[in-house]
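Note: the block below is work09.pdb and it holds PDB, C-alpha atoms.
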ATOM      1  CA  ASP I  29     100.199  12.394  -0.068  1.00  0.00           C
ATOM      2  CA  VAL I  30      98.850  15.288   1.942  1.00  0.00           C
ATOM      3  CA  ASP I  31      96.508  14.471   4.792  1.00  0.00           C
ATOM      4  CA  HIS I  32      94.612  17.753   4.901  1.00  0.00           C
ATOM      5  CA  ALA I  33      92.758  16.606   8.009  1.00  0.00           C
ATOM      6  CA  ALA I  34      96.072  16.675   9.844  1.00  0.00           C
ATOM      7  CA  THR I  35      96.364  20.463   9.700  1.00  0.00           C
ATOM      8  CA  GLU I  36      98.001  21.360  12.986  1.00  0.00           C
ATOM      9  CA  SER I  37      97.081  24.987  13.533  1.00  0.00           C
ATOM     10  CA  GLY I  38      94.143  25.416  11.210  1.00  0.00           C
ATOM     11  CA  ALA I  39      95.847  28.625  10.070  1.00  0.00           C
ATOM     12  CA  LEU I  40      95.631  29.497   6.393  1.00  0.00           C
ATOM     13  CA  TRP I  41      97.519  32.247   4.590  1.00  0.00           C
ATOM     14  CA  GLN I  42      96.885  33.542   1.108  1.00  0.00           C
ATOM     15  CA  VAL I  43     100.081  34.567  -0.696  1.00  0.00           C
ATOM     16  CA  HIS I  44      99.854  37.047  -3.601  1.00  0.00           C
ATOM     17  CA  ASN I  45      96.117  36.262  -3.738  1.00  0.00           C
ATOM     18  CA  THR I  46      97.111  33.118  -5.645  1.00  0.00           C
ATOM     19  CA  PHE I  47      98.466  30.461  -3.270  1.00  0.00           C
ATOM     20  CA  ILE I  48      97.135  29.160   0.041  1.00  0.00           C
ATOM     21  CA  LEU I  49      99.672  28.116   2.665  1.00  0.00           C
ATOM     22  CA  THR I  50      98.995  25.883   5.635  1.00  0.00           C
ATOM     23  CA  GLN I  51     100.922  23.404   7.730  1.00  0.00           C
ATOM     24  CA  ILE I  52     100.363  19.740   8.360  1.00  0.00           C
ATOM     25  CA  ARG I  53     102.345  17.409  10.583  1.00  0.00           C
ATOM     26  CA  GLY I  54     105.950  17.707   9.466  1.00  0.00           C
ATOM     27  CA  ALA I  55     105.365  19.820   6.364  1.00  0.00           C
ATOM     28  CA  LEU I  56     104.339  23.061   4.715  1.00  0.00           C
ATOM     29  CA  VAL I  57     101.581  22.737   2.112  1.00  0.00           C
ATOM     30  CA  ILE I  58     101.051  25.190  -0.748  1.00  0.00           C
ATOM     31  CA  VAL I  59      97.756  25.058  -2.671  1.00  0.00           C
ATOM     32  CA  ASP I  60      97.220  26.770  -6.039  1.00  0.00           C
ATOM     33  CA  GLN I  61      93.747  28.286  -5.753  1.00  0.00           C
ATOM     34  CA  HIS I  62      92.957  28.372  -9.509  1.00  0.00           C
ATOM     35  CA  ASN I  63      94.162  24.848 -10.336  1.00  0.00           C
ATOM     36  CA  SER I  64      92.366  23.508  -7.255  1.00  0.00           C
ATOM     37  CA  HIS I  65      89.052  25.166  -8.057  1.00  0.00           C
ATOM     38  CA  GLU I  66      89.334  23.933 -11.651  1.00  0.00           C
ATOM     39  CA  ARG I  67      89.625  20.359 -10.336  1.00  0.00           C
ATOM     40  CA  ILE I  68      86.612  20.844  -8.048  1.00  0.00           C
ATOM     41  CA  LEU I  69      84.398  22.271 -10.818  1.00  0.00           C
ATOM     42  CA  TYR I  70      85.518  19.643 -13.323  1.00  0.00           C
ATOM     43  CA  ASP I  71      84.690  16.783 -10.961  1.00  0.00           C
ATOM     44  CA  GLN I  72      81.377  18.388 -10.016  1.00  0.00           C
ATOM     45  CA  GLY I  73      80.489  18.642 -13.720  1.00  0.00           C
ATOM     46  CA  ARG I  74      81.651  15.083 -14.447  1.00  0.00           C
ATOM     47  CA  LEU I  75      79.368  13.728 -11.700  1.00  0.00           C
ATOM     48  CA  ALA I  76      76.487  15.791 -13.084  1.00  0.00           C
ATOM     49  CA  LEU I  77      77.005  14.422 -16.603  1.00  0.00           C
ATOM     50  CA  ASP I  78      77.059  10.919 -15.108  1.00  0.00           C
ATOM     51  CA  GLY I  79      73.614  11.530 -13.616  1.00  0.00           C
ATOM     52  CA  LYS I  80      74.260  12.871 -10.111  1.00  0.00           C
ATOM     53  CA  PRO I  81      71.907  15.779  -9.341  1.00  0.00           C
ATOM     54  CA  VAL I  82      73.800  19.050  -9.540  1.00  0.00           C
ATOM     55  CA  ALA I  83      73.365  22.019  -7.219  1.00  0.00           C
ATOM     56  CA  VAL I  84      72.077  25.011  -9.172  1.00  0.00           C
ATOM     57  CA  GLN I  85      72.329  28.609  -8.054  1.00  0.00           C
ATOM     58  CA  GLN I  86      69.177  30.379  -9.196  1.00  0.00           C
ATOM     59  CA  LEU I  87      69.859  33.881 -10.489  1.00  0.00           C
ATOM     60  CA  LEU I  88      67.915  36.585  -8.677  1.00  0.00           C
ATOM     61  CA  PHE I  89      67.492  38.375 -11.989  1.00  0.00           C
ATOM     62  CA  PRO I  90      67.576  36.048 -15.020  1.00  0.00           C
ATOM     63  CA  ALA I  91      70.244  37.042 -17.528  1.00  0.00           C
ATOM     64  CA  THR I  92      69.358  37.715 -21.147  1.00  0.00           C
ATOM     65  CA  LEU I  93      72.243  36.840 -23.462  1.00  0.00           C
ATOM     66  CA  GLU I  94      72.465  37.872 -27.105  1.00  0.00           C
ATOM     67  CA  LEU I  95      74.558  35.199 -28.818  1.00  0.00           C
ATOM     68  CA  SER I  96      76.634  35.364 -31.974  1.00  0.00           C
ATOM     69  CA  PRO I  97      75.582  32.947 -34.741  1.00  0.00           C
ATOM     70  CA  ASP I  98      78.423  30.541 -33.804  1.00  0.00           C
ATOM     71  CA  GLU I  99      77.572  30.739 -30.080  1.00  0.00           C
ATOM     72  CA  LEU I 100      73.895  30.120 -30.864  1.00  0.00           C
ATOM     73  CA  THR I 101      74.767  27.034 -32.921  1.00  0.00           C
ATOM     74  CA  ALA I 102      76.969  25.741 -30.079  1.00  0.00           C
ATOM     75  CA  TYR I 103      74.126  26.409 -27.618  1.00  0.00           C
ATOM     76  CA  GLU I 104      71.597  24.524 -29.757  1.00  0.00           C
ATOM     77  CA  VAL I 105      73.939  21.528 -30.150  1.00  0.00           C
ATOM     78  CA  HIS I 106      75.008  21.353 -26.494  1.00  0.00           C
ATOM     79  CA  ALA I 107      71.947  22.683 -24.592  1.00  0.00           C
ATOM     80  CA  SER I 108      71.075  19.346 -22.960  1.00  0.00           C
ATOM     81  CA  ASP I 109      74.613  18.767 -21.630  1.00  0.00           C
ATOM     82  CA  LEU I 110      74.842  22.388 -20.453  1.00  0.00           C
ATOM     83  CA  GLU I 111      71.595  21.808 -18.552  1.00  0.00           C
ATOM     84  CA  ARG I 112      72.959  18.580 -17.020  1.00  0.00           C
ATOM     85  CA  VAL I 113      75.954  20.447 -15.579  1.00  0.00           C
ATOM     86  CA  GLY I 114      73.691  23.146 -14.096  1.00  0.00           C
ATOM     87  CA  PHE I 115      72.999  25.894 -16.646  1.00  0.00           C
ATOM     88  CA  VAL I 116      69.235  26.510 -16.539  1.00  0.00           C
ATOM     89  CA  THR I 117      68.459  28.229 -19.837  1.00  0.00           C
ATOM     90  CA  GLU I 118      65.758  28.626 -22.420  1.00  0.00           C
ATOM     91  CA  PRO I 119      65.540  30.129 -25.914  1.00  0.00           C
ATOM     92  CA  PHE I 120      64.165  33.676 -25.748  1.00  0.00           C
ATOM     93  CA  GLY I 121      63.588  34.436 -29.414  1.00  0.00           C
ATOM     94  CA  GLY I 122      66.006  35.001 -32.260  1.00  0.00           C
ATOM     95  CA  SER I 123      69.589  34.661 -31.078  1.00  0.00           C
ATOM     96  CA  THR I 124      68.753  35.422 -27.448  1.00  0.00           C
ATOM     97  CA  ILE I 125      68.666  32.993 -24.537  1.00  0.00           C
ATOM     98  CA  LEU I 126      67.462  33.451 -20.976  1.00  0.00           C
ATOM     99  CA  VAL I 127      69.622  32.082 -18.147  1.00  0.00           C
ATOM    100  CA  ARG I 128      67.759  31.368 -14.903  1.00  0.00           C
ATOM    101  CA  GLY I 129      70.391  29.342 -13.047  1.00  0.00           C
ATOM    102  CA  ILE I 130      74.073  28.437 -13.122  1.00  0.00           C
ATOM    103  CA  PRO I 131      76.112  25.592 -11.618  1.00  0.00           C
ATOM    104  CA  SER I 132      76.677  26.209  -7.917  1.00  0.00           C
ATOM    105  CA  GLY I 133      80.220  27.178  -7.025  1.00  0.00           C
ATOM    106  CA  LEU I 134      81.120  28.985 -10.246  1.00  0.00           C
ATOM    107  CA  ARG I 135      83.055  32.225  -9.927  1.00  0.00           C
ATOM    108  CA  ASN I 136      83.321  34.943 -12.536  1.00  0.00           C
ATOM    109  CA  TRP I 137      79.776  34.590 -13.901  1.00  0.00           C
ATOM    110  CA  ASN I 138      80.103  38.232 -14.987  1.00  0.00           C
ATOM    111  CA  ASP I 139      76.504  38.647 -16.128  1.00  0.00           C
ATOM    112  CA  GLY I 140      76.762  35.774 -18.588  1.00  0.00           C
ATOM    113  CA  ALA I 141      80.248  36.338 -19.988  1.00  0.00           C
ATOM    114  CA  LEU I 142      81.268  32.957 -18.541  1.00  0.00           C
ATOM    115  CA  LEU I 143      78.605  31.028 -20.486  1.00  0.00           C
ATOM    116  CA  ARG I 144      79.417  32.976 -23.648  1.00  0.00           C
ATOM    117  CA  ASP I 145      83.104  32.047 -23.176  1.00  0.00           C
ATOM    118  CA  VAL I 146      82.143  28.366 -22.884  1.00  0.00           C
ATOM    119  CA  LEU I 147      79.969  28.596 -26.008  1.00  0.00           C
ATOM    120  CA  ALA I 148      82.736  30.414 -27.889  1.00  0.00           C
ATOM    121  CA  ASP I 149      85.211  27.670 -26.934  1.00  0.00           C
ATOM    122  CA  LEU I 150      82.780  25.031 -28.201  1.00  0.00           C
ATOM    123  CA  ALA I 151      82.135  26.977 -31.410  1.00  0.00           C
ATOM    124  CA  ASP I 152      85.840  27.536 -32.095  1.00  0.00           C
ATOM    125  CA  ASN I 153      86.793  23.946 -31.278  1.00  0.00           C
ATOM    126  CA  ARG I 154      89.423  25.305 -28.900  1.00  0.00           C
ATOM    127  CA  ALA I 155      88.753  22.429 -26.572  1.00  0.00           C
ATOM    128  CA  GLU I 156      91.416  19.832 -25.926  1.00  0.00           C
ATOM    129  CA  SER I 157      89.146  16.851 -26.500  1.00  0.00           C
ATOM    130  CA  SER I 158      87.053  15.573 -29.389  1.00  0.00           C
ATOM    131  CA  ASP I 159      84.391  14.608 -26.824  1.00  0.00           C
ATOM    132  CA  PRO I 160      82.008  17.586 -26.637  1.00  0.00           C
ATOM    133  CA  ARG I 161      81.055  16.760 -23.046  1.00  0.00           C
ATOM    134  CA  GLU I 162      84.724  16.816 -22.087  1.00  0.00           C
ATOM    135  CA  SER I 163      85.036  20.156 -23.882  1.00  0.00           C
ATOM    136  CA  ILE I 164      82.160  21.585 -21.844  1.00  0.00           C
ATOM    137  CA  LEU I 165      83.741  20.412 -18.590  1.00  0.00           C
ATOM    138  CA  ALA I 166      87.189  21.739 -19.451  1.00  0.00           C
ATOM    139  CA  SER I 167      85.884  25.119 -20.599  1.00  0.00           C
ATOM    140  CA  MET I 168      83.402  25.549 -17.730  1.00  0.00           C
ATOM    141  CA  SER I 169      85.954  24.613 -15.077  1.00  0.00           C
ATOM    142  CA  PHE I 170      88.611  26.904 -16.552  1.00  0.00           C
ATOM    143  CA  HIS I 171      86.390  29.968 -17.017  1.00  0.00           C
ATOM    144  CA  GLY I 172      84.405  29.391 -13.818  1.00  0.00           C
ATOM    145  CA  ALA I 173      87.325  28.819 -11.442  1.00  0.00           C
ATOM    146  CA  ILE I 174      88.746  31.270  -8.952  1.00  0.00           C
ATOM    147  CA  LYS I 175      91.510  33.162 -10.720  1.00  0.00           C
ATOM    148  CA  ALA I 176      95.025  33.899  -9.558  1.00  0.00           C
ATOM    149  CA  GLY I 177      94.893  37.325  -7.932  1.00  0.00           C
ATOM    150  CA  GLU I 178      91.453  36.914  -6.328  1.00  0.00           C
ATOM    151  CA  LYS I 179      91.362  37.608  -2.609  1.00  0.00           C
ATOM    152  CA  LEU I 180      89.705  34.852  -0.575  1.00  0.00           C
ATOM    153  CA  THR I 181      88.340  34.868   2.940  1.00  0.00           C
ATOM    154  CA  THR I 182      89.601  32.298   5.440  1.00  0.00           C
ATOM    155  CA  ALA I 183      86.278  30.454   5.121  1.00  0.00           C
ATOM    156  CA  GLU I 184      86.630  30.362   1.317  1.00  0.00           C
ATOM    157  CA  MET I 185      90.184  29.036   1.597  1.00  0.00           C
ATOM    158  CA  GLN I 186      89.106  26.296   4.020  1.00  0.00           C
ATOM    159  CA  SER I 187      86.140  25.362   1.847  1.00  0.00           C
ATOM    160  CA  LEU I 188      88.374  25.182  -1.228  1.00  0.00           C
ATOM    161  CA  ILE I 189      90.819  22.841   0.507  1.00  0.00           C
ATOM    162  CA  ASP I 190      88.037  20.650   1.931  1.00  0.00           C
ATOM    163  CA  ARG I 191      86.312  20.372  -1.453  1.00  0.00           C
ATOM    164  CA  LEU I 192      89.599  19.709  -3.258  1.00  0.00           C
ATOM    165  CA  PHE I 193      90.402  16.719  -1.053  1.00  0.00           C
ATOM    166  CA  ALA I 194      86.886  15.358  -1.560  1.00  0.00           C
ATOM    167  CA  THR I 195      87.604  14.949  -5.307  1.00  0.00           C
ATOM    168  CA  ASP I 196      88.910  11.756  -6.860  1.00  0.00           C
ATOM    169  CA  GLN I 197      92.147  13.342  -8.092  1.00  0.00           C
ATOM    170  CA  PRO I 198      93.042  16.176  -5.711  1.00  0.00           C
ATOM    171  CA  TYR I 199      96.690  16.516  -6.743  1.00  0.00           C
ATOM    172  CA  SER I 200      96.251  17.870 -10.271  1.00  0.00           C
ATOM    173  CA  CYS I 201      93.893  20.080 -12.255  1.00  0.00           C
ATOM    174  CA  PRO I 202      92.088  18.663 -15.327  1.00  0.00           C
ATOM    175  CA  HIS I 203      95.032  19.777 -17.504  1.00  0.00           C
ATOM    176  CA  GLY I 204      97.570  17.918 -15.351  1.00  0.00           C
ATOM    177  CA  ARG I 205      99.037  20.926 -13.512  1.00  0.00           C
ATOM    178  CA  PRO I 206      99.681  20.401  -9.781  1.00  0.00           C
ATOM    179  CA  THR I 207      97.158  21.689  -7.267  1.00  0.00           C
ATOM    180  CA  VAL I 208      99.224  21.011  -4.134  1.00  0.00           C
ATOM    181  CA  ILE I 209     102.921  21.132  -3.301  1.00  0.00           C
ATOM    182  CA  ARG I 210     104.168  19.620  -0.038  1.00  0.00           C
ATOM    183  CA  ILE I 211     107.511  20.727   1.365  1.00  0.00           C
ATOM    184  CA  GLY I 212     108.615  18.464   4.181  1.00  0.00           C
ATOM    185  CA  LEU I 213     110.230  19.782   7.356  1.00  0.00           C
ATOM    186  CA  PRO I 214     113.545  18.026   6.528  1.00  0.00           C
ATOM    187  CA  GLU I 215     113.664  19.924   3.210  1.00  0.00           C
ATOM    188  CA  LEU I 216     112.973  23.236   4.970  1.00  0.00           C
ATOM    189  CA  GLU I 217     115.655  22.487   7.556  1.00  0.00           C
ATOM    190  CA  ARG I 218     118.127  21.615   4.805  1.00  0.00           C
ATOM    191  CA  ARG I 219     117.358  24.820   2.907  1.00  0.00           C
ATOM    192  CA  PHE I 220     118.058  26.869   6.027  1.00  0.00           C
ATOM    193  CA  GLY I 221     121.304  25.029   6.786  1.00  0.00           C
ATOM    194  CA  ARG I 222     119.963  23.186   9.808  1.00  0.00           C
ATOM    195  CA  ARG I 223     120.923  19.775   8.376  1.00  0.00           C
TER     196      ARG I 223
END
Go through the file and emit its structure as structure tokens.
Amino acid sequence: DVDHAATESGALWQVHNTFILTQIRGALVIVDQHNSHERILYDQGRLALDGKPVAVQQLLFPATLELSPDELTAYEVHASDLERVGFVTEPFGGSTILVRGIPSGLRNWNDGALLRDVLADLADNRAESSDPRESILASMSFHGAIKAGEKLTTAEMQSLIDRLFATDQPYSCPHGRPTVIRIGLPELERRFGRR
């Protein structure tokens, strides 16, 4: 296990705008920023669906989204669960909805493309689970997570690591991929012929 509180230098490095490197006592730690943010968003959504109040980021300018017939059907079926996880929406006539707020912490909102992607996943049954709530969580966390290739500030990297280790399962994303790799000092010494 990685004790992230034991970071020795507090230094964080982003490698290829995809991985975060830091050191802890006796080891190098590599964090995958996308997998980690997926885990954070998934857990945040799971708590919201279980009744914990969710932080909502109000949009300065509400977004008007024109939905396809399939997206509109998915919206109508799943509107209450979408609201529970933090999407503040309302019908706006015809196949249009108005979005006033989104779950706090989402990246890549892209003027509503993220919500349309989630609705498209629900409509196409591309989700990995037969449980529609699970499908919402998986789709929202995937589309809303920091992507590989996104530059992060030091504060964003630290926040990501802190939030990751506050989740129940910090060592894998919702799909089972690792979020953290620890390389112990003995392994590094061996690789460099010191042992």
- Kindly resolve the PyMOL selection byres ((chain I and resi 35-51) around 8) on the present coordinates and return the residues as a count of residues only. 24
- Surrounding residues of I:Phe115 excluding itself and chain neighbours under 5 positions, 8 Å, all atoms listed in the file, as a count of residues only: 7
- Task: Give the answer as one residue: which of I:Arg112, I:Glu94, I:Pro119, I:Val105 has the shortest atom-to-atom distance to I:Ala141, using all atoms listed in the file?
- Result: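 Of the candidates, the smallest distance to I:Ala141 is held by I:Glu94.
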- Taking only C-alpha atoms into account, which of I:Leu134, I:Ala183, I:Leu147, I:Leu165 comes nearest I:His65?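 Smallest separation from I:His65 among the options: I:Leu134.
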- Item | Counting all atoms listed in the file, the option among I:Leu216, I:Val113, I:Val208, I:Asp159 closest to I:Leu75 |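 Among the listed residues, the smallest separation from I:Leu75 belongs to I:Val113.
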- Item | Picked residues, the PyMOL selection byres ((chain I and resi 77) around 12), expected as a ChimeraX atom specification | /I:70-76,78-82,108-114,160-162,164-165
- Message: Please determine, counting only C-alpha atoms, which residue among I:Gly122, I:Gly204, I:Pro97, I:Gly133 has the shortest atom-to-atom distance to I:Gln85.
- Response: I:Gly133
- Counting all atoms listed in the file, the option among I:Gly221, I:Glu66, I:Asn136, I:Ser163 closest to I:Pro206: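 Comparing I:Gly221, I:Glu66, I:Asn136, I:Ser163 against I:Pro206, the winner is I:Glu66.
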Selected by the PyMOL selection byres ((chain I and resi 125) around 12) in the shown coordinates: which residues, as a PDB file with C-alpha atoms, keeping the file's coordinate frame?
ATOM      1  CA  PRO I  90      67.576  36.048 -15.020  1.00  0.00           C
ATOM      2  CA  ALA I  91      70.244  37.042 -17.528  1.00  0.00           C
ATOM      3  CA  THR I  92      69.358  37.715 -21.147  1.00  0.00           C
ATOM      4  CA  LEU I  93      72.243  36.840 -23.462  1.00  0.00           C
ATOM      5  CA  GLU I  94      72.465  37.872 -27.105  1.00  0.00           C
ATOM      6  CA  LEU I  95      74.558  35.199 -28.818  1.00  0.00           C
ATOM      7  CA  SER I  96      76.634  35.364 -31.974  1.00  0.00           C
ATOM      8  CA  GLU I  99      77.572  30.739 -30.080  1.00  0.00           C
ATOM      9  CA  LEU I 100      73.895  30.120 -30.864  1.00  0.00           C
ATOM     10  CA  THR I 101      74.767  27.034 -32.921  1.00  0.00           C
ATOM     11  CA  TYR I 103      74.126  26.409 -27.618  1.00  0.00           C
ATOM     12  CA  GLU I 104      71.597  24.524 -29.757  1.00  0.00           C
ATOM     13  CA  ALA I 107      71.947  22.683 -24.592  1.00  0.00           C
ATOM     14  CA  PHE I 115      72.999  25.894 -16.646  1.00  0.00           C
ATOM     15  CA  VAL I 116      69.235  26.510 -16.539  1.00  0.00           C
ATOM     16  CA  THR I 117      68.459  28.229 -19.837  1.00  0.00           C
ATOM     17  CA  GLU I 118      65.758  28.626 -22.420  1.00  0.00           C
ATOM     18  CA  PRO I 119      65.540  30.129 -25.914  1.00  0.00           C
ATOM     19  CA  PHE I 120      64.165  33.676 -25.748  1.00  0.00           C
ATOM     20  CA  GLY I 121      63.588  34.436 -29.414  1.00  0.00           C
ATOM     21  CA  GLY I 122      66.006  35.001 -32.260  1.00  0.00           C
ATOM     22  CA  SER I 123      69.589  34.661 -31.078  1.00  0.00           C
ATOM     23  CA  THR I 124      68.753  35.422 -27.448  1.00  0.00           C
ATOM     24  CA  LEU I 126      67.462  33.451 -20.976  1.00  0.00           C
ATOM     25  CA  VAL I 127      69.622  32.082 -18.147  1.00  0.00           C
ATOM     26  CA  ARG I 128      67.759  31.368 -14.903  1.00  0.00           C
ATOM     27  CA  GLY I 140      76.762  35.774 -18.588  1.00  0.00           C
ATOM     28  CA  LEU I 143      78.605  31.028 -20.486  1.00  0.00           C
ATOM     29  CA  ARG I 144      79.417  32.976 -23.648  1.00  0.00           C
TER      30      ARG I 144
END
- Task: Find the residues around I:Leu142 up to 9 Å (only C-alpha atoms counted), leave out those fewer than 5 positions away in its own chain, and share them as a PyMOL selection string.
- Result: chain I and resi 135-137+147+168+171-172
Write out all heavy atoms for stretch 92-101 of chain I, as a compact mmCIF listing (two decimals), in the frame of the given file.
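out23.txt, freshly written:
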# COMPACT_ATOMS: atom_id res chain seq x y z
N THR I 92 69.69 37.83 -19.74
CA THR I 92 69.36 37.72 -21.15
C THR I 92 70.65 37.86 -21.94
O THR I 92 71.33 38.88 -21.85
CB THR I 92 68.37 38.82 -21.56
OG1 THR I 92 67.23 38.77 -20.71
CG2 THR I 92 67.92 38.66 -23.00
N LEU I 93 71.00 36.82 -22.70
CA LEU I 93 72.24 36.84 -23.46
C LEU I 93 71.96 36.84 -24.95
O LEU I 93 71.24 35.96 -25.46
CB LEU I 93 73.11 35.61 -23.13
CG LEU I 93 73.50 35.39 -21.67
CD1 LEU I 93 74.42 34.18 -21.57
CD2 LEU I 93 74.19 36.62 -21.10
N GLU I 94 72.53 37.81 -25.65
CA GLU I 94 72.46 37.87 -27.10
C GLU I 94 73.69 37.13 -27.63
O GLU I 94 74.82 37.53 -27.35
CB GLU I 94 72.48 39.33 -27.55
CG GLU I 94 72.38 39.54 -29.04
CD GLU I 94 70.99 39.29 -29.59
OE1 GLU I 94 70.00 39.50 -28.85
OE2 GLU I 94 70.89 38.86 -30.75
N LEU I 95 73.46 36.04 -28.36
CA LEU I 95 74.56 35.20 -28.82
C LEU I 95 74.92 35.49 -30.27
O LEU I 95 74.05 35.85 -31.07
CB LEU I 95 74.19 33.72 -28.68
CG LEU I 95 73.77 33.23 -27.28
CD1 LEU I 95 73.43 31.74 -27.33
CD2 LEU I 95 74.86 33.50 -26.26
N SER I 96 76.20 35.29 -30.57
CA SER I 96 76.63 35.36 -31.97
C SER I 96 76.07 34.13 -32.69
O SER I 96 75.67 33.15 -32.05
CB SER I 96 78.15 35.38 -32.05
OG SER I 96 78.66 34.09 -31.73
N PRO I 97 76.08 34.14 -34.03
CA PRO I 97 75.58 32.95 -34.74
C PRO I 97 76.32 31.67 -34.35
O PRO I 97 75.69 30.62 -34.16
CB PRO I 97 75.82 33.31 -36.21
CG PRO I 97 75.74 34.81 -36.25
CD PRO I 97 76.34 35.26 -34.94
N ASP I 98 77.65 31.74 -34.19
CA ASP I 98 78.42 30.54 -33.80
C ASP I 98 78.08 30.10 -32.39
O ASP I 98 77.96 28.90 -32.11
CB ASP I 98 79.92 30.81 -33.91
CG ASP I 98 80.40 30.87 -35.36
OD1 ASP I 98 79.66 30.43 -36.26
OD2 ASP I 98 81.52 31.36 -35.57
N GLU I 99 77.94 31.07 -31.47
CA GLU I 99 77.57 30.74 -30.08
C GLU I 99 76.19 30.12 -30.03
O GLU I 99 75.95 29.16 -29.29
CB GLU I 99 77.63 31.99 -29.21
CG GLU I 99 79.03 32.52 -28.97
CD GLU I 99 79.05 33.92 -28.35
OE1 GLU I 99 77.99 34.59 -28.32
OE2 GLU I 99 80.13 34.34 -27.92
N LEU I 100 75.26 30.66 -30.83
CA LEU I 100 73.90 30.12 -30.86
C LEU I 100 73.89 28.68 -31.37
O LEU I 100 73.21 27.82 -30.80
CB LEU I 100 72.99 31.00 -31.73
CG LEU I 100 71.52 30.57 -31.80
CD1 LEU I 100 70.87 30.61 -30.42
CD2 LEU I 100 70.76 31.44 -32.79
N THR I 101 74.66 28.41 -32.40
CA THR I 101 74.77 27.03 -32.92
C THR I 101 75.32 26.11 -31.84
O THR I 101 74.79 25.01 -31.63
CB THR I 101 75.66 26.99 -34.18
OG1 THR I 101 75.07 27.81 -35.18
CG2 THR I 101 75.81 25.57 -34.70
